[in-house]
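**Student:** Data file entry_9.txt (compact mmCIF, C-alpha atoms and all ligand atoms) is appended below.
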```
# COMPACT_ATOMS: atom_id res chain seq x y z
CA MET A 497 58.27 6.36 -36.27
CA SER A 498 58.89 10.06 -36.15
CA ASN A 499 57.37 12.12 -38.95
CA LEU A 500 59.68 15.09 -38.62
CA THR A 501 61.08 16.71 -41.76
CA PRO A 502 64.81 17.49 -41.98
CA ALA A 503 63.89 21.17 -41.52
CA ASN A 504 61.97 20.34 -38.33
CA LEU A 505 64.95 18.40 -37.02
CA GLN A 506 67.31 21.24 -37.79
CA GLU A 507 65.05 23.74 -36.05
CA LEU A 508 64.73 21.58 -32.94
CA GLU A 509 68.41 20.71 -32.87
CA SER A 510 69.40 24.38 -32.90
CA ALA A 511 66.83 25.07 -30.15
CA LEU A 512 68.44 22.30 -28.09
CA LEU A 513 71.94 23.60 -28.70
CA GLN A 514 70.93 27.15 -27.80
CA ARG A 515 69.25 26.02 -24.57
CA ARG A 516 72.30 23.94 -23.73
CA GLN A 517 74.57 26.96 -24.20
CA GLU A 518 72.42 29.09 -21.88
CA LEU A 519 72.49 26.41 -19.18
CA GLN A 520 76.20 25.87 -19.61
CA ALA A 521 76.80 29.60 -19.13
CA ARG A 522 74.80 29.55 -15.88
CA LEU A 523 76.70 26.50 -14.65
CA ASP A 524 80.07 28.11 -15.27
CA PRO A 525 80.44 30.83 -12.63
CA GLU A 526 83.91 31.75 -13.89
CA MET A 527 82.32 33.24 -16.99
CA HIS A 528 80.34 35.75 -14.90
CA ARG A 529 83.00 36.51 -12.34
CA SER A 530 86.03 37.24 -14.49
CA ASP A 531 85.54 40.89 -15.40
CA GLU A 532 83.30 41.99 -12.51
CA PRO A 533 85.66 42.43 -9.53
CA ASP A 534 83.36 45.11 -8.01
CA GLU A 535 80.79 42.49 -7.01
CA LEU A 536 83.17 40.98 -4.50
CA VAL A 537 83.68 44.36 -2.77
CA LEU A 538 79.93 44.69 -2.16
CA THR A 539 79.76 41.74 0.26
CA GLU A 540 80.00 42.95 3.85
CA PRO A 541 82.75 41.26 5.87
CA ASP A 542 81.05 41.63 9.31
CA VAL A 543 77.61 40.04 8.75
CA ALA A 544 75.80 38.55 11.75
CA ASP A 545 75.54 34.77 12.25
CA ASP A 546 71.85 34.89 11.34
CA ASN A 547 72.76 36.19 7.90
CA ALA A 548 75.26 33.40 7.50
CA VAL A 549 72.42 30.90 7.98
CA VAL A 550 70.39 32.67 5.32
CA ALA A 551 73.43 32.54 3.05
CA ASP A 552 73.67 28.79 3.62
CA VAL A 553 70.03 28.33 2.65
CA LEU A 554 70.58 30.41 -0.46
CA ASN A 555 73.59 28.30 -1.34
CA ASP A 556 71.47 25.18 -1.01
CA THR A 557 68.85 26.70 -3.27
CA ASP A 558 71.52 27.60 -5.81
CA LEU A 559 72.85 24.08 -5.60
CA ALA A 560 69.40 22.61 -6.19
CA GLU A 561 68.99 24.88 -9.20
CA LEU A 562 72.37 23.87 -10.53
CA GLU A 563 71.43 20.23 -10.16
CA LEU A 564 68.22 20.90 -12.08
CA ASP A 565 70.18 22.68 -14.80
CA LEU A 566 72.57 19.79 -14.95
CA ALA A 567 69.69 17.32 -15.26
CA VAL A 568 68.27 19.38 -18.14
CA ILE A 569 71.66 19.38 -19.88
CA VAL A 570 71.74 15.59 -19.57
CA GLU A 571 68.26 15.45 -21.15
CA ILE A 572 69.34 17.80 -23.93
CA ASP A 573 72.44 15.69 -24.61
CA ALA A 574 70.25 12.60 -24.76
CA ALA A 575 67.93 14.37 -27.21
CA LEU A 576 70.89 15.43 -29.39
CA GLY A 577 72.08 11.83 -29.30
CA ARG A 578 68.65 10.67 -30.50
CA ILE A 579 68.81 13.20 -33.37
CA LYS A 580 72.14 11.64 -34.42
CA ALA A 581 70.74 8.14 -34.01
CA GLY A 582 67.64 9.01 -36.02
CA THR A 583 65.23 8.12 -33.20
CA TYR A 584 64.46 11.70 -32.16
CA GLY A 585 60.77 12.63 -32.10
CA THR A 586 59.68 9.09 -31.31
CA CYS A 587 58.28 8.29 -27.86
CA THR A 588 60.83 6.14 -26.02
CA ALA A 589 58.00 4.37 -24.17
CA CYS A 590 55.28 3.60 -26.75
CA GLU A 591 57.24 4.41 -29.96
CA GLU A 592 54.50 6.69 -31.29
CA ALA A 593 55.56 9.95 -32.96
CA ILE A 594 55.76 12.86 -30.53
CA PRO A 595 53.72 15.80 -31.94
CA LEU A 596 55.84 18.62 -33.38
CA ALA A 597 54.05 21.16 -31.16
CA ARG A 598 55.20 19.28 -28.07
CA LEU A 599 58.77 19.09 -29.35
CA ARG A 600 58.76 22.80 -30.10
CA ALA A 601 57.56 23.55 -26.58
CA MET A 602 59.99 21.07 -25.06
CA PRO A 603 62.68 19.95 -27.52
CA SER A 604 64.22 17.55 -24.99
CA ALA A 605 60.95 15.61 -24.60
CA HIS A 606 61.68 11.89 -24.90
CA CYS A 607 58.11 10.62 -24.68
CA CYS A 608 54.61 11.62 -25.71
CA ILE A 609 52.23 13.42 -23.38
CA ALA A 610 50.26 10.25 -22.58
CA CYS A 611 53.39 8.37 -21.47
CA GLN A 612 54.70 11.42 -19.59
CA GLU A 613 51.45 11.61 -17.62
CA LYS A 614 51.52 7.90 -16.90
CA SER A 615 55.06 8.07 -15.53
CA GLU A 616 54.21 11.15 -13.45
CA GLN A 617 51.24 9.33 -11.93
CA ARG A 618 53.48 6.40 -11.04
CA GLN A 619 56.11 8.62 -9.42
CA GLY A 620 53.88 11.36 -7.99
CA PHE A 621 51.65 9.64 -5.44
CA PRO A 622 53.59 7.14 -3.35
CA HIS A 623 51.16 7.32 -0.39
CA ASN A 624 47.78 7.19 -2.09
CA ALA A 625 47.16 3.68 -0.79
CA SER A 626 45.95 5.19 2.53
CA LEU A 627 42.99 6.84 0.73
ZN ZN B 701 54.29 7.39 -25.59
```
Translate this file's structure into structure tokens.
**Tutor:**
Amino acid sequence: MSNLTPANLQELESALLQRRQELQARLDPEMHRSDEPDELVLTEPDVADDNAVVADVLNDTDLAELELDLAVIVEIDAALGRIKAGTYGTCTACEEAIPLARLRAMPSAHCCIACQEKSEQRQGFPHNASL
């Protein structure tokens, strides 16, 4: 069971919504582009092929970041869904209450620190059998 007060829930929900808005803004390039036509003029039309490769790498990095942002939005949506369902603040693995300090630091947290560490150990070292 979670031991969050309604005020705690409200605080964490608005933190989630605010974070979601920030991520959404980053994911929507149209919002940045619309009234900044000068930026497009700055790109040089006759860049060497080497630079094009660098640009490709940068694009990949951007893409990876976007995917991360998207994953965080999915986590935030899941957390908002748990607030609605009344299960927010309870570890989804061991069903212990997640400490308020952890939720404040990471409002989308769906499990307690102990379970988080356990799942990271399971996923993090696939080749440790050779030791
Ligand atoms: Zn747990």
**Student:** Here is a test: counting all atoms listed in the file, which residue of A:Met602, A:Leu505, A:Ile594, A:Cys608 is nearest to Glu571 (chain A)?
**Tutor:**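 Residue with the minimum atom-to-atom distance to Glu571 (chain A): A:Met602.
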**Student:** Using only C-alpha atoms and all ligand atoms, which protein or nucleic acid residues are at most 9 Å from ligand ZN 701 (chain B), as a list in words?
**Tutor:**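 Using only C-alpha atoms and all ligand atoms, everything at most 9 Å from ligand ZN 701 (chain B) comes to Thr586, Cys587, Thr588, Ala589, Cys590, Glu591, Glu592, Ala593, Ile594, His606, Cys607, Cys608, Ile609, Ala610, Cys611 and Gln612 of chain A.
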**Student:** Using only C-alpha atoms, find the one residue out of A:Pro595, A:Gln520, A:Gln506, A:Glu561 that sits nearest to Lys580 (chain A).
**Tutor:**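 Using only C-alpha atoms, Lys580 (chain A) sits closest to A:Gln506.
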**Student:** Give me, as a list in words, all polymer residues having an atom no more than 12 Å from Val570 (chain A), counting all atoms listed in the file and skipping those fewer than 4 positions away in the same chain.
**Tutor:** Leu512, Arg515, Arg516, Leu519, Gln520, Glu563, Leu564, Asp565, Leu566, Ala574, Ala575, Leu576, Gly577, Ser604, Ala605 and His606 of chain A
**Student:** Would you put the residues from that selection into a file with C-alpha atoms, as a tab-separated table (two decimals), in the coordinates of the input?
**Tutor:**
```tsv
chain	number	residue	atom	x	y	z
A	512	LEU	CA	68.44	22.30	-28.09
A	515	ARG	CA	69.25	26.02	-24.57
A	516	ARG	CA	72.30	23.94	-23.73
A	519	LEU	CA	72.49	26.41	-19.18
A	520	GLN	CA	76.20	25.87	-19.61
A	563	GLU	CA	71.43	20.23	-10.16
A	564	LEU	CA	68.22	20.90	-12.08
A	565	ASP	CA	70.18	22.68	-14.80
A	566	LEU	CA	72.57	19.79	-14.95
A	574	ALA	CA	70.25	12.60	-24.76
A	575	ALA	CA	67.93	14.37	-27.21
A	576	LEU	CA	70.89	15.43	-29.39
A	577	GLY	CA	72.08	11.83	-29.30
A	604	SER	CA	64.22	17.55	-24.99
A	605	ALA	CA	60.95	15.61	-24.60
A	606	HIS	CA	61.68	11.89	-24.90
```
**Student:** Between A:Arg600, A:Gln617, A:Glu509, A:Asp524, which one has atoms that come closest to Leu562 (chain A), using all atoms listed in the file?
**Tutor:**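 For Leu562 (chain A), the nearest of the candidates is A:Asp524.
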**Student:** Between CA of Arg578 (chain A) and CA of Leu523 (chain A), what distance in Å does the model show, to one decimal?
**Tutor:**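 Answer for the CA of Arg578 (chain A) to CA of Leu523 (chain A) separation: 23.8 Å.
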**Student:** Give the answer as one residue: which of A:Leu559, A:Glu616, A:Ile579, A:Leu508 has the shortest atom-to-atom distance to Arg598 (chain A), using all atoms listed in the file?
**Tutor:**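 Checking each candidate against Arg598 (chain A), we get A:Leu508 as the closest.
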